[in-house]
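Following: one structure in structure tokens, then a few remarks.
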Amino acid sequence: MREKQFKNLDEQLEIFKYKGLTIEDEEFAKRILLRENYFFLNGYRHLFMKSANNKHYIEGATFEELYSLFLFDRQFRNIIFKNLLIIENNVKSIISYQLSKKYGYKENDYLKTKNFDNNPEKARQIADLLKKMKRQIRVNGRQHSATSHYLSNYGYIPLWVLVKVLSFGIVSEMFSILKLEDRLAIASIYGIPQEELANYLPILANYRNLCAHEDILFENKTQRFINDTKYHELLNIEKMDDQYIYGKNDLFALIIIIRQMLTDVENKNLVIEIEHVLENLQYNLKSIPIEKVLDRMGFPPNWKDIINIEIR
């Protein structure tokens, strides 16, 4: 296996130039490469390639455009991340309220196996998840100020406090093993069918982690698909082979989920912020149209109209 050799900044620029990328200001480019890392910037090259097989840049593509797409993705990721954190907090609050109200506020009460789905097929998943949650109490209980306060003063941690140290992934899995009546009660607050919410939560948790680790977001596709919604229909999203081409496992699918889980004001602010960073990117792109970026994101041309669709 061929080893990857270290390349200094000048050598990194030579690789870009060899592949046809125009570099108008080499000193600027080297400063950016030093600060941001060649590997991470290079991850945004695909939209500027001649084809999937031809790894050379299209004529006129510049380093400044590549960096603009990189910055756009960072700004877009920050917008999505802060809204996912709002949803994460909301979901944790609603689930902890529902379970505490029904099963009690001490971990010995709300972590009983009988409080969860009695389907034998879920028995192992329930046991594993309860073990994870109890481990979180042991490991993080004394490290977080809120949980430590309750342990020191009361000897237990209420669920509405414990969720602070539980990952979104664990909470989304918890929802999937709740009793049907509890899943229905929680989903009704969002006006979403419980089976849809059970599919949405792992997608949200996955994107939350992707954003937290600063991975490339704008062209990310998930393994999970969301079902067709009224948003797909009312936006007249194009179909191919009777399947919608946007909003199924792409970034617009995430926007459709978020639309159903944030307030109207939060959704309007989200659309305004996304529109702003897209306009800024469009201004900086010369060799490719903004429509190429939107297509890679899974955004239909009329994506902003989602804010005007009221379904609940």
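Simple scheme: letters A, B, ... for chains in structure tokens order, numbers from 1 for residues in each chain, numbers from 1 for ligands in the order shown.
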**Asked** If you count only C-alpha atoms, which residues fall within 8 Å of segment 161-169 of chain A, apart from same-chain ones fewer than 2 positions away, as JSON, numbers by chain?
**Response** {"A": [88, 92, 93, 96, 133, 136, 137, 140, 144, 146, 147, 157, 158, 159, 171, 172, 173, 202, 205, 206]}
Dump as a tab-separated table (two decimals), in the first residue's frame, selection limited to C-alpha atoms:
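Wrote result-v2.tsv, looks like this:
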```tsv
chain	number	residue	atom	x	y	z
A	88	GLU	CA	-32.68	18.23	21.24
A	92	LYS	CA	-35.46	15.79	26.16
A	93	SER	CA	-37.78	18.11	28.08
A	96	SER	CA	-38.63	13.58	30.71
A	133	MET	CA	-28.41	5.20	31.23
A	136	GLN	CA	-24.27	7.67	32.56
A	137	ILE	CA	-25.48	8.25	36.12
A	140	ASN	CA	-21.30	11.68	34.74
A	144	HIS	CA	-22.06	17.75	35.91
A	146	ALA	CA	-26.86	19.81	38.09
A	147	THR	CA	-26.65	16.03	38.49
A	157	ILE	CA	-31.21	12.33	39.84
A	158	PRO	CA	-34.61	13.24	38.38
A	159	LEU	CA	-35.03	12.35	34.72
A	171	VAL	CA	-32.73	9.75	24.08
A	172	SER	CA	-33.86	8.97	20.53
A	173	GLU	CA	-33.36	5.27	21.20
A	202	PRO	CA	-32.12	9.11	14.89
A	205	ALA	CA	-29.19	12.81	16.36
A	206	ASN	CA	-26.95	11.80	13.45
```
Considering only C-alpha atoms, tabulate each residue of segment 206-248 of chain A that lies at most 7 Å from segment 57-81 of chain A along with its nearest interatomic pair and the corresponding distance in Å to one decimal; arrange the rows by chain and ascending residue number and present them as a tab-separated table.
```
residue	atom	partner	partner_atom	distance
A:Arg208	CA	A:Phe81	CA	6.2
A:Cys211	CA	A:Phe81	CA	5.8
A:Ile216	CA	A:Asp73	CA	7.0
A:Leu217	CA	A:Arg77	CA	6.3
A:Phe218	CA	A:Asp73	CA	6.0
```
Grab the residues selected above and save them as a compact mmCIF listing (two decimals), in the first residue's frame with C-alpha atoms.
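part.txt, freshly written:
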```txt
# COMPACT_ATOMS: atom_id res chain seq x y z
CA ARG A 208 -26.35 16.79 15.45
CA CYS A 211 -22.35 19.18 13.00
CA ILE A 216 -18.98 18.23 5.58
CA LEU A 217 -22.69 18.91 5.83
CA PHE A 218 -24.12 20.44 2.66
```
**Prompt:** What does the distance from atom CA of Leu251 of chain A to atom CA of Gly298 of chain A come to in Å, to one decimal?
**Reply:**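 Going from atom CA of Leu251 of chain A over to atom CA of Gly298 of chain A, I get 5.9 Å.
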**Request:** Tell me, as number ranges by chain, which residues lie within 12 Å of Phe6 of chain A, counting only C-alpha atoms; anything in the same chain fewer than 6 positions away does not count.
**Result:** A: 12, 38-39
**Message:** When you look at segment 114-122 of chain A with a cut-off of 9 Å (counting only C-alpha atoms), what residues show up, excluding the ones that are within fewer than 6 positions of it in the same chain? I need them as a PyMOL selection string.
**Reply:** chain A and resi 99+103+174+176-180
**Prompt:** Between A:Ala212, A:Ile186, A:Ile307, A:Ala29, which one has atoms that come closest to Val265 of chain A, using only C-alpha atoms?
**Reply:**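 Among the listed residues, the smallest separation from Val265 of chain A belongs to A:Ile307.
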**Message:** Residues of segment 193-289 of chain A classed as strand (DSSP E or B) by DSSP on the backbone are to be reported as a ChimeraX atom specification.
**Reply:** /A:239-240,243-244
Could you save those same residues with N, CA and C atoms as a compact mmCIF listing (two decimals), in the first residue's frame?
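File again-v5.txt, as written:
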```
# COMPACT_ATOMS: atom_id res chain seq x y z
N LYS A 239 -40.50 14.34 -9.45
CA LYS A 239 -40.37 12.91 -9.20
C LYS A 239 -39.60 12.24 -10.33
N MET A 240 -38.93 11.16 -9.99
CA MET A 240 -38.29 10.29 -10.97
C MET A 240 -38.58 8.85 -10.58
N GLN A 243 -40.63 8.55 -7.50
CA GLN A 243 -40.02 8.89 -6.23
C GLN A 243 -39.57 10.36 -6.26
N TYR A 244 -39.81 11.07 -5.16
CA TYR A 244 -39.36 12.46 -5.09
C TYR A 244 -37.84 12.51 -5.16
```
**Message:** Show me, as JSON, numbers by chain, the residues that have an atom within 12 Å of Lys55 of chain A when counting only C-alpha atoms, minus same-chain residues fewer than 5 positions from it.
**Reply:** {"A": [15, 16, 18, 19, 20, 21, 42, 45, 46, 47, 48, 49, 50]}
Just-selected residues, N, CA and C atoms written as a PDB file, in the first residue's frame:
```
ATOM      1  N   ILE A  15      -0.162  20.848  -6.110  1.00  0.00           N
ATOM      2  CA  ILE A  15      -1.143  19.794  -6.391  1.00  0.00           C
ATOM      3  C   ILE A  15      -2.427  20.412  -6.928  1.00  0.00           C
ATOM      4  N   PHE A  16      -2.886  21.485  -6.269  1.00  0.00           N
ATOM      5  CA  PHE A  16      -4.083  22.179  -6.732  1.00  0.00           C
ATOM      6  C   PHE A  16      -3.893  22.672  -8.173  1.00  0.00           C
ATOM      7  N   TYR A  18      -1.749  21.683 -10.453  1.00  0.00           N
ATOM      8  CA  TYR A  18      -1.606  20.563 -11.391  1.00  0.00           C
ATOM      9  C   TYR A  18      -2.977  20.046 -11.830  1.00  0.00           C
ATOM     10  N   LYS A  19      -3.944  20.105 -10.895  1.00  0.00           N
ATOM     11  CA  LYS A  19      -5.290  19.617 -11.212  1.00  0.00           C
ATOM     12  C   LYS A  19      -6.178  20.697 -11.833  1.00  0.00           C
ATOM     13  N   GLY A  20      -5.580  21.859 -12.134  1.00  0.00           N
ATOM     14  CA  GLY A  20      -6.302  22.865 -12.893  1.00  0.00           C
ATOM     15  C   GLY A  20      -6.966  23.953 -12.084  1.00  0.00           C
ATOM     16  N   LEU A  21      -6.711  24.018 -10.783  1.00  0.00           N
ATOM     17  CA  LEU A  21      -7.313  25.059  -9.953  1.00  0.00           C
ATOM     18  C   LEU A  21      -6.512  26.350 -10.083  1.00  0.00           C
ATOM     19  N   ASN A  42      -9.876  20.280   0.575  1.00  0.00           N
ATOM     20  CA  ASN A  42      -9.942  19.418  -0.598  1.00  0.00           C
ATOM     21  C   ASN A  42     -11.232  18.602  -0.635  1.00  0.00           C
ATOM     22  N   ARG A  45     -13.973  19.766  -3.199  1.00  0.00           N
ATOM     23  CA  ARG A  45     -13.572  19.882  -4.597  1.00  0.00           C
ATOM     24  C   ARG A  45     -14.604  19.333  -5.584  1.00  0.00           C
ATOM     25  N   HIS A  46     -15.465  18.425  -5.140  1.00  0.00           N
ATOM     26  CA  HIS A  46     -16.263  17.630  -6.083  1.00  0.00           C
ATOM     27  C   HIS A  46     -17.148  18.463  -7.003  1.00  0.00           C
ATOM     28  N   LEU A  47     -17.742  19.529  -6.491  1.00  0.00           N
ATOM     29  CA  LEU A  47     -18.607  20.361  -7.331  1.00  0.00           C
ATOM     30  C   LEU A  47     -17.819  21.077  -8.436  1.00  0.00           C
ATOM     31  N   PHE A  48     -16.514  21.174  -8.268  1.00  0.00           N
ATOM     32  CA  PHE A  48     -15.686  21.897  -9.239  1.00  0.00           C
ATOM     33  C   PHE A  48     -14.933  20.958 -10.180  1.00  0.00           C
ATOM     34  N   MET A  49     -15.160  19.657 -10.047  1.00  0.00           N
ATOM     35  CA  MET A  49     -14.482  18.696 -10.898  1.00  0.00           C
ATOM     36  C   MET A  49     -15.166  18.616 -12.271  1.00  0.00           C
ATOM     37  N   LYS A  50     -14.403  18.260 -13.287  1.00  0.00           N
ATOM     38  CA  LYS A  50     -14.963  18.129 -14.637  1.00  0.00           C
ATOM     39  C   LYS A  50     -15.993  17.012 -14.705  1.00  0.00           C
TER      40      LYS A  50
END
```
I'd like to know which residues of segment 114-160 of chain A are alpha helix (DSSP H) (by DSSP, run on the backbone); could you write them as a JSON list (two decimals) with N, CA and C atoms, in the first residue's frame?
```
[["chain", "number", "residue", "atom", "x", "y", "z"],
["A", 123, "ALA", "N", -36.83, -6.67, 24.33],
["A", 123, "ALA", "CA", -36.34, -6.90, 25.70],
["A", 123, "ALA", "C", -34.84, -6.64, 25.82],
["A", 124, "ARG", "N", -34.07, -7.13, 24.86],
["A", 124, "ARG", "CA", -32.62, -6.96, 24.94],
["A", 124, "ARG", "C", -32.24, -5.50, 24.74],
["A", 125, "GLN", "N", -32.90, -4.84, 23.79],
["A", 125, "GLN", "CA", -32.62, -3.42, 23.53],
["A", 125, "GLN", "C", -32.93, -2.58, 24.76],
["A", 126, "ILE", "N", -34.03, -2.91, 25.44],
["A", 126, "ILE", "CA", -34.41, -2.18, 26.67],
["A", 126, "ILE", "C", -33.36, -2.39, 27.75],
["A", 127, "ALA", "N", -32.95, -3.64, 27.93],
["A", 127, "ALA", "CA", -31.94, -3.94, 28.96],
["A", 127, "ALA", "C", -30.63, -3.21, 28.67],
["A", 128, "ASP", "N", -30.23, -3.19, 27.39],
["A", 128, "ASP", "CA", -28.98, -2.51, 27.01],
["A", 128, "ASP", "C", -29.07, -1.01, 27.23],
["A", 129, "LEU", "N", -30.21, -0.43, 26.89],
["A", 129, "LEU", "CA", -30.36, 1.01, 27.03],
["A", 129, "LEU", "C", -30.40, 1.42, 28.50],
["A", 130, "LEU", "N", -31.10, 0.66, 29.30],
["A", 130, "LEU", "CA", -31.15, 0.97, 30.74],
["A", 130, "LEU", "C", -29.76, 0.88, 31.35],
["A", 131, "LYS", "N", -28.97, -0.08, 30.87],
["A", 131, "LYS", "CA", -27.59, -0.21, 31.36],
["A", 131, "LYS", "C", -26.78, 1.03, 30.98],
["A", 132, "LYS", "N", -26.98, 1.51, 29.74],
["A", 132, "LYS", "CA", -26.27, 2.73, 29.29],
["A", 132, "LYS", "C", -26.65, 3.93, 30.16],
["A", 133, "MET", "N", -27.94, 4.06, 30.45],
["A", 133, "MET", "CA", -28.41, 5.20, 31.23],
["A", 133, "MET", "C", -27.88, 5.15, 32.65],
["A", 134, "LYS", "N", -27.86, 3.96, 33.24],
["A", 134, "LYS", "CA", -27.34, 3.81, 34.60],
["A", 134, "LYS", "C", -25.84, 4.09, 34.63],
["A", 135, "ARG", "N", -25.17, 3.72, 33.53],
["A", 135, "ARG", "CA", -23.73, 4.01, 33.45],
["A", 135, "ARG", "C", -23.51, 5.52, 33.37],
["A", 136, "GLN", "N", -24.38, 6.22, 32.64],
["A", 136, "GLN", "CA", -24.27, 7.67, 32.56],
["A", 136, "GLN", "C", -24.42, 8.31, 33.95],
["A", 137, "ILE", "N", -25.29, 7.74, 34.76],
["A", 137, "ILE", "CA", -25.48, 8.25, 36.12],
["A", 137, "ILE", "C", -24.20, 8.05, 36.93],
["A", 138, "ARG", "N", -23.58, 6.86, 36.79],
["A", 138, "ARG", "CA", -22.36, 6.57, 37.54],
["A", 138, "ARG", "C", -21.19, 7.44, 37.08],
["A", 139, "VAL", "N", -21.04, 7.52, 35.76],
["A", 139, "VAL", "CA", -19.86, 8.20, 35.20],
["A", 139, "VAL", "C", -19.99, 9.72, 35.26],
["A", 140, "ASN", "N", -21.15, 10.23, 34.88],
["A", 140, "ASN", "CA", -21.30, 11.68, 34.74],
["A", 140, "ASN", "C", -22.04, 12.34, 35.90],
["A", 145, "SER", "N", -22.68, 19.76, 37.13],
["A", 145, "SER", "CA", -23.11, 20.50, 38.32],
["A", 145, "SER", "C", -24.54, 20.17, 38.74],
["A", 146, "ALA", "N", -25.46, 20.06, 37.76],
["A", 146, "ALA", "CA", -26.86, 19.81, 38.09],
["A", 146, "ALA", "C", -27.06, 18.41, 38.68],
["A", 147, "THR", "N", -26.48, 17.40, 38.00],
["A", 147, "THR", "CA", -26.65, 16.03, 38.49],
["A", 147, "THR", "C", -25.92, 15.84, 39.82],
["A", 148, "SER", "N", -24.76, 16.45, 39.94],
["A", 148, "SER", "CA", -24.00, 16.37, 41.19],
["A", 148, "SER", "C", -24.79, 16.99, 42.34],
["A", 149, "HIS", "N", -25.45, 18.10, 42.08],
["A", 149, "HIS", "CA", -26.26, 18.77, 43.11],
["A", 149, "HIS", "C", -27.35, 17.85, 43.64],
["A", 150, "TYR", "N", -28.05, 17.18, 42.73],
["A", 150, "TYR", "CA", -29.15, 16.30, 43.15],
["A", 150, "TYR", "C", -28.62, 15.07, 43.88],
["A", 151, "LEU", "N", -27.50, 14.52, 43.41],
["A", 151, "LEU", "CA", -26.94, 13.36, 44.09],
["A", 151, "LEU", "C", -26.48, 13.73, 45.50],
["A", 152, "SER", "N", -25.85, 14.86, 45.64],
["A", 152, "SER", "CA", -25.32, 15.28, 46.94],
["A", 152, "SER", "C", -26.42, 15.65, 47.93],
["A", 153, "ASN", "N", -27.46, 16.31, 47.42],
["A", 153, "ASN", "CA", -28.50, 16.83, 48.32],
["A", 153, "ASN", "C", -29.71, 15.93, 48.48],
["A", 159, "LEU", "N", -35.25, 12.53, 36.15],
["A", 159, "LEU", "CA", -35.03, 12.35, 34.72],
["A", 159, "LEU", "C", -34.87, 13.68, 34.00],
["A", 160, "TRP", "N", -35.60, 14.71, 34.46],
["A", 160, "TRP", "CA", -35.50, 16.01, 33.77],
["A", 160, "TRP", "C", -34.12, 16.65, 33.96]]
```
**Request:** For Pro301 of chain A, please output as a VMD selection string all residues within 12 Å (counting only C-alpha atoms; exclusion window: fewer than 5 positions along the same chain).
**Result:** chain A and resid 235 to 238 246 252 290 to 295 306
**Distance in Å - atom CA of Ala185 of chain A versus atom CA of Gln98 of chain A** = 7.8 Å
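The nearest approach to Ile203 of chain A among the residues A:Leu234, A:Met297, A:Leu84, A:Ile288, with only C-alpha atoms taken into account, belongs to A:Leu84.
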